[in-house]
Amino acid sequence: MVTERRAPEGLDERVGNALVEGAFLSRQQLEQAQAKAKAGGKRLNEVLLSEQTVTPETLSTVLSFILKVPVVELRQFRVQPEAVALVPENVARERGVLPLSVEGDILRVAMEDPQDVQLIDTLVALTRKRIRPVLPLRGGLREAIDSNYKSTSRMAEELGRIVTPVGAPVAPPPAGPAPRRLEPDAVAQAPAV
């Protein structure tokens, strides 16, 4: 379940003003986007991106500057498996986070909202690490989560197909010739490889 995340009071205004001051959009475009965000109960950045008023790179860079949080290009970053192992897949998917690297007691995590204190507290409790948020430069956080957690999901699916749950009826072997059994002497005489 994805919960609606509202921008902290004033962040949308700071982002909007920075975009206008940097000449990335006009005051009129900002006002239209703010009205749509308010009417739709969305964050300003969601409206700006969905209407392609600004690029994901521009928005990430402005947010990084305002929040003093580094950005990372997820398509070029080599995610550490030991970092991914610290956060369960269901938490990563539901909360939109991707653990990137772990160094000592610091876990770097890509997240859309690096000011979500509740989420950071949850990650601290889960991992027993200090959390350092980073912003994904070009978006793509969901795709990066998919690609880094897919092996876990695939393994679970495969195990589900292979392993018979306890108490479930076991299907009889298929009809046909009985499997050949090797005699102990034949095994002892086989060449060692």
# chains A, B, ... in the order shown; residues from 1 in each chain; ligands from 1
$ closest_atom_pairs --of "region 44-97 of chain A" --to "region 107-124 of chain A" --cutoff "10 Å" --atoms "only C-alpha atoms" --output "JSON lines"
{"residue": "A:Ser60", "atom": "CA", "partner": "A:Glu112", "partner_atom": "CA", "distance": 9.3}
{"residue": "A:Leu63", "atom": "CA", "partner": "A:Pro114", "partner_atom": "CA", "distance": 9.6}
{"residue": "A:Ser64", "atom": "CA", "partner": "A:Pro114", "partner_atom": "CA", "distance": 9.5}
{"residue": "A:Leu67", "atom": "CA", "partner": "A:Pro114", "partner_atom": "CA", "distance": 8.1}
{"residue": "A:Lys68", "atom": "CA", "partner": "A:Pro114", "partner_atom": "CA", "distance": 9.9}
{"residue": "A:Val69", "atom": "CA", "partner": "A:Pro114", "partner_atom": "CA", "distance": 7.6}
{"residue": "A:Pro70", "atom": "CA", "partner": "A:Ala110", "partner_atom": "CA", "distance": 9.7}
{"residue": "A:Val71", "atom": "CA", "partner": "A:Ala110", "partner_atom": "CA", "distance": 8.5}
{"residue": "A:Val72", "atom": "CA", "partner": "A:Ala110", "partner_atom": "CA", "distance": 7.8}
{"residue": "A:Glu73", "atom": "CA", "partner": "A:Ala110", "partner_atom": "CA", "distance": 9.9}
{"residue": "A:Leu74", "atom": "CA", "partner": "A:Ala110", "partner_atom": "CA", "distance": 8.5}
{"residue": "A:Ala83", "atom": "CA", "partner": "A:Leu107", "partner_atom": "CA", "distance": 7.1}
{"residue": "A:Val84", "atom": "CA", "partner": "A:Val109", "partner_atom": "CA", "distance": 9.6}
{"residue": "A:Leu86", "atom": "CA", "partner": "A:Leu107", "partner_atom": "CA", "distance": 9.0}
{"residue": "A:Val87", "atom": "CA", "partner": "A:Leu123", "partner_atom": "CA", "distance": 7.6}
{"residue": "A:Val91", "atom": "CA", "partner": "A:Leu123", "partner_atom": "CA", "distance": 9.0}
{"residue": "A:Ala92", "atom": "CA", "partner": "A:Met111", "partner_atom": "CA", "distance": 9.6}
{"residue": "A:Arg95", "atom": "CA", "partner": "A:Leu119", "partner_atom": "CA", "distance": 7.6}
{"residue": "A:Gly96", "atom": "CA", "partner": "A:Met111", "partner_atom": "CA", "distance": 6.3}
{"residue": "A:Val97", "atom": "CA", "partner": "A:Met111", "partner_atom": "CA", "distance": 4.8}
$ write_last_selection --atoms "C-alpha atoms" --output "PDB file, in the first residue's frame"
ATOM      1  CA  SER A  60      16.495  16.305  -8.840  1.00  0.00           C
ATOM      2  CA  LEU A  63      15.866  19.374  -4.807  1.00  0.00           C
ATOM      3  CA  SER A  64      19.426  18.290  -4.097  1.00  0.00           C
ATOM      4  CA  LEU A  67      17.673  19.834   0.705  1.00  0.00           C
ATOM      5  CA  LYS A  68      21.469  19.491   0.677  1.00  0.00           C
ATOM      6  CA  VAL A  69      21.120  15.834  -0.291  1.00  0.00           C
ATOM      7  CA  PRO A  70      23.372  14.263  -2.944  1.00  0.00           C
ATOM      8  CA  VAL A  71      22.002  12.866  -6.184  1.00  0.00           C
ATOM      9  CA  VAL A  72      22.903   9.532  -7.734  1.00  0.00           C
ATOM     10  CA  GLU A  73      22.506   8.185 -11.262  1.00  0.00           C
ATOM     11  CA  LEU A  74      20.892   4.818 -10.531  1.00  0.00           C
ATOM     12  CA  ALA A  83      22.907  -3.258   1.224  1.00  0.00           C
ATOM     13  CA  VAL A  84      19.862  -4.697  -0.572  1.00  0.00           C
ATOM     14  CA  LEU A  86      19.296  -5.182   4.785  1.00  0.00           C
ATOM     15  CA  VAL A  87      15.876  -3.963   3.587  1.00  0.00           C
ATOM     16  CA  VAL A  91       9.421  -2.506   2.429  1.00  0.00           C
ATOM     17  CA  ALA A  92      11.509  -1.324  -0.529  1.00  0.00           C
ATOM     18  CA  ARG A  95       7.970   2.756   0.575  1.00  0.00           C
ATOM     19  CA  GLY A  96       9.882   3.472  -2.654  1.00  0.00           C
ATOM     20  CA  VAL A  97      13.430   3.045  -1.349  1.00  0.00           C
TER      21      VAL A  97
END
$ closest_atom_pairs --of "region 29-78 of chain A" --to "region 138-151 of chain A" --cutoff "12 Å" --atoms "only C-alpha atoms" --output "CSV"
residue,atom,partner,partner_atom,distance
A:Asn45,CA,A:Gly139,CA,11.6
A:Glu46,CA,A:Gly139,CA,11.3
A:Leu49,CA,A:Gly139,CA,9.9
A:Val54,CA,A:Arg138,CA,11.5
A:Thr55,CA,A:Arg138,CA,8.1
A:Pro56,CA,A:Arg138,CA,5.0
A:Glu57,CA,A:Arg138,CA,5.1
A:Thr58,CA,A:Arg138,CA,8.6
A:Leu59,CA,A:Arg138,CA,8.8
A:Ser60,CA,A:Arg138,CA,7.2
A:Thr61,CA,A:Arg138,CA,9.5
A:Val71,CA,A:Arg138,CA,9.2
A:Val72,CA,A:Arg138,CA,8.5
A:Glu73,CA,A:Arg138,CA,6.7
A:Leu74,CA,A:Ala144,CA,6.8
A:Arg75,CA,A:Ala144,CA,7.6
A:Gln76,CA,A:Ala144,CA,10.6
A:Phe77,CA,A:Ala144,CA,10.0
A:Arg78,CA,A:Asn148,CA,10.1
$ residues_around --residues "Ala33 (chain A)" --least-positions-apart "5" --cutoff "9 Å" --atoms "only C-alpha atoms" --output "ChimeraX atom specification"
/A:28,38,44-45,47-48,51,53
$ closest_residue --among "A:Asp105, A:Pro99, A:Ile162, A:Pro169" --to "Pro133 (chain A)" --atoms "only C-alpha atoms"
A:Pro99
$ decode --residues "region 26-38 of chain A" --atoms "all heavy atoms" --output "mmCIF file, in the first residue's frame"
data_model
loop_
_atom_site.group_PDB
_atom_site.id
_atom_site.type_symbol
_atom_site.label_atom_id
_atom_site.label_comp_id
_atom_site.auth_asym_id
_atom_site.auth_seq_id
_atom_site.Cartn_x
_atom_site.Cartn_y
_atom_site.Cartn_z
ATOM 1 N N SER A 26 8.404 29.494 -16.119
ATOM 2 C CA SER A 26 7.924 30.853 -15.871
ATOM 3 C C SER A 26 7.053 30.878 -14.617
ATOM 4 O O SER A 26 6.588 29.836 -14.146
ATOM 5 C CB SER A 26 7.106 31.350 -17.074
ATOM 6 O OG SER A 26 5.890 30.610 -17.159
ATOM 7 N N ARG A 27 6.811 32.067 -14.102
ATOM 8 C CA ARG A 27 5.945 32.226 -12.924
ATOM 9 C C ARG A 27 4.552 31.688 -13.253
ATOM 10 O O ARG A 27 3.921 31.039 -12.430
ATOM 11 C CB ARG A 27 5.912 33.702 -12.526
ATOM 12 C CG ARG A 27 5.041 34.039 -11.358
ATOM 13 C CD ARG A 27 5.433 33.451 -10.032
ATOM 14 N NE ARG A 27 6.758 33.835 -9.570
ATOM 15 C CZ ARG A 27 7.353 33.250 -8.535
ATOM 16 N NH1 ARG A 27 6.751 32.298 -7.858
ATOM 17 N NH2 ARG A 27 8.553 33.608 -8.160
ATOM 18 N N GLN A 28 4.073 31.933 -14.487
ATOM 19 C CA GLN A 28 2.748 31.463 -14.890
ATOM 20 C C GLN A 28 2.702 29.928 -14.899
ATOM 21 O O GLN A 28 1.733 29.335 -14.424
ATOM 22 C CB GLN A 28 2.393 32.015 -16.271
ATOM 23 C CG GLN A 28 1.019 31.587 -16.752
ATOM 24 C CD GLN A 28 0.701 32.093 -18.156
ATOM 25 O OE1 GLN A 28 1.566 32.606 -18.862
ATOM 26 N NE2 GLN A 28 -0.558 31.946 -18.554
ATOM 27 N N GLN A 29 3.739 29.285 -15.423
ATOM 28 C CA GLN A 29 3.780 27.814 -15.418
ATOM 29 C C GLN A 29 3.774 27.282 -13.989
ATOM 30 O O GLN A 29 3.110 26.289 -13.691
ATOM 31 C CB GLN A 29 5.029 27.310 -16.144
ATOM 32 C CG GLN A 29 4.998 27.479 -17.641
ATOM 33 C CD GLN A 29 6.332 27.107 -18.268
ATOM 34 O OE1 GLN A 29 7.383 27.597 -17.847
ATOM 35 N NE2 GLN A 29 6.280 26.244 -19.277
ATOM 36 N N LEU A 30 4.501 27.936 -13.118
ATOM 37 C CA LEU A 30 4.539 27.519 -11.716
ATOM 38 C C LEU A 30 3.160 27.632 -11.081
ATOM 39 O O LEU A 30 2.700 26.695 -10.418
ATOM 40 C CB LEU A 30 5.555 28.358 -10.932
ATOM 41 C CG LEU A 30 5.568 28.128 -9.411
ATOM 42 C CD1 LEU A 30 5.917 26.682 -9.089
ATOM 43 C CD2 LEU A 30 6.528 29.089 -8.733
ATOM 44 N N GLU A 31 2.491 28.741 -11.289
ATOM 45 C CA GLU A 31 1.170 28.944 -10.696
ATOM 46 C C GLU A 31 0.166 27.911 -11.211
ATOM 47 O O GLU A 31 -0.664 27.406 -10.454
ATOM 48 C CB GLU A 31 0.691 30.377 -10.959
ATOM 49 C CG GLU A 31 1.476 31.400 -10.163
ATOM 50 C CD GLU A 31 1.212 32.846 -10.580
ATOM 51 O OE1 GLU A 31 0.408 33.078 -11.519
ATOM 52 O OE2 GLU A 31 1.835 33.746 -9.971
ATOM 53 N N GLN A 32 0.232 27.599 -12.504
ATOM 54 C CA GLN A 32 -0.663 26.576 -13.063
ATOM 55 C C GLN A 32 -0.376 25.206 -12.438
ATOM 56 O O GLN A 32 -1.304 24.479 -12.081
ATOM 57 C CB GLN A 32 -0.498 26.501 -14.580
ATOM 58 C CG GLN A 32 -1.041 27.703 -15.313
ATOM 59 C CD GLN A 32 -0.687 27.697 -16.799
ATOM 60 O OE1 GLN A 32 0.155 26.933 -17.260
ATOM 61 N NE2 GLN A 32 -1.333 28.581 -17.561
ATOM 62 N N ALA A 33 0.888 24.878 -12.308
ATOM 63 C CA ALA A 33 1.262 23.583 -11.715
ATOM 64 C C ALA A 33 0.856 23.523 -10.247
ATOM 65 O O ALA A 33 0.375 22.490 -9.771
ATOM 66 C CB ALA A 33 2.761 23.358 -11.874
ATOM 67 N N GLN A 34 1.030 24.631 -9.515
ATOM 68 C CA GLN A 34 0.627 24.666 -8.103
ATOM 69 C C GLN A 34 -0.877 24.462 -7.962
ATOM 70 O O GLN A 34 -1.339 23.746 -7.076
ATOM 71 C CB GLN A 34 1.050 25.995 -7.461
ATOM 72 C CG GLN A 34 2.533 26.094 -7.215
ATOM 73 C CD GLN A 34 2.974 27.489 -6.785
ATOM 74 O OE1 GLN A 34 2.400 28.501 -7.203
ATOM 75 N NE2 GLN A 34 4.014 27.533 -5.954
ATOM 76 N N ALA A 35 -1.658 25.088 -8.851
ATOM 77 C CA ALA A 35 -3.120 24.938 -8.809
ATOM 78 C C ALA A 35 -3.515 23.487 -9.082
ATOM 79 O O ALA A 35 -4.389 22.931 -8.397
ATOM 80 C CB ALA A 35 -3.772 25.874 -9.824
ATOM 81 N N LYS A 36 -2.881 22.842 -10.059
ATOM 82 C CA LYS A 36 -3.176 21.440 -10.373
ATOM 83 C C LYS A 36 -2.773 20.525 -9.222
ATOM 84 O O LYS A 36 -3.476 19.564 -8.911
ATOM 85 C CB LYS A 36 -2.474 21.013 -11.658
ATOM 86 C CG LYS A 36 -3.091 21.613 -12.899
ATOM 87 C CD LYS A 36 -2.372 21.181 -14.152
ATOM 88 C CE LYS A 36 -3.010 21.855 -15.357
ATOM 89 N NZ LYS A 36 -2.333 21.522 -16.602
ATOM 90 N N ALA A 37 -1.644 20.817 -8.603
ATOM 91 C CA ALA A 37 -1.186 20.006 -7.468
ATOM 92 C C ALA A 37 -2.187 20.101 -6.322
ATOM 93 O O ALA A 37 -2.567 19.080 -5.730
ATOM 94 C CB ALA A 37 0.200 20.450 -7.012
ATOM 95 N N LYS A 38 -2.625 21.313 -6.025
ATOM 96 C CA LYS A 38 -3.575 21.514 -4.927
ATOM 97 C C LYS A 38 -4.913 20.835 -5.233
ATOM 98 O O LYS A 38 -5.479 20.153 -4.386
ATOM 99 C CB LYS A 38 -3.773 23.009 -4.675
ATOM 100 C CG LYS A 38 -4.613 23.305 -3.474
ATOM 101 C CD LYS A 38 -4.690 24.796 -3.190
ATOM 102 C CE LYS A 38 -5.494 25.041 -1.939
ATOM 103 N NZ LYS A 38 -5.599 26.473 -1.635
#
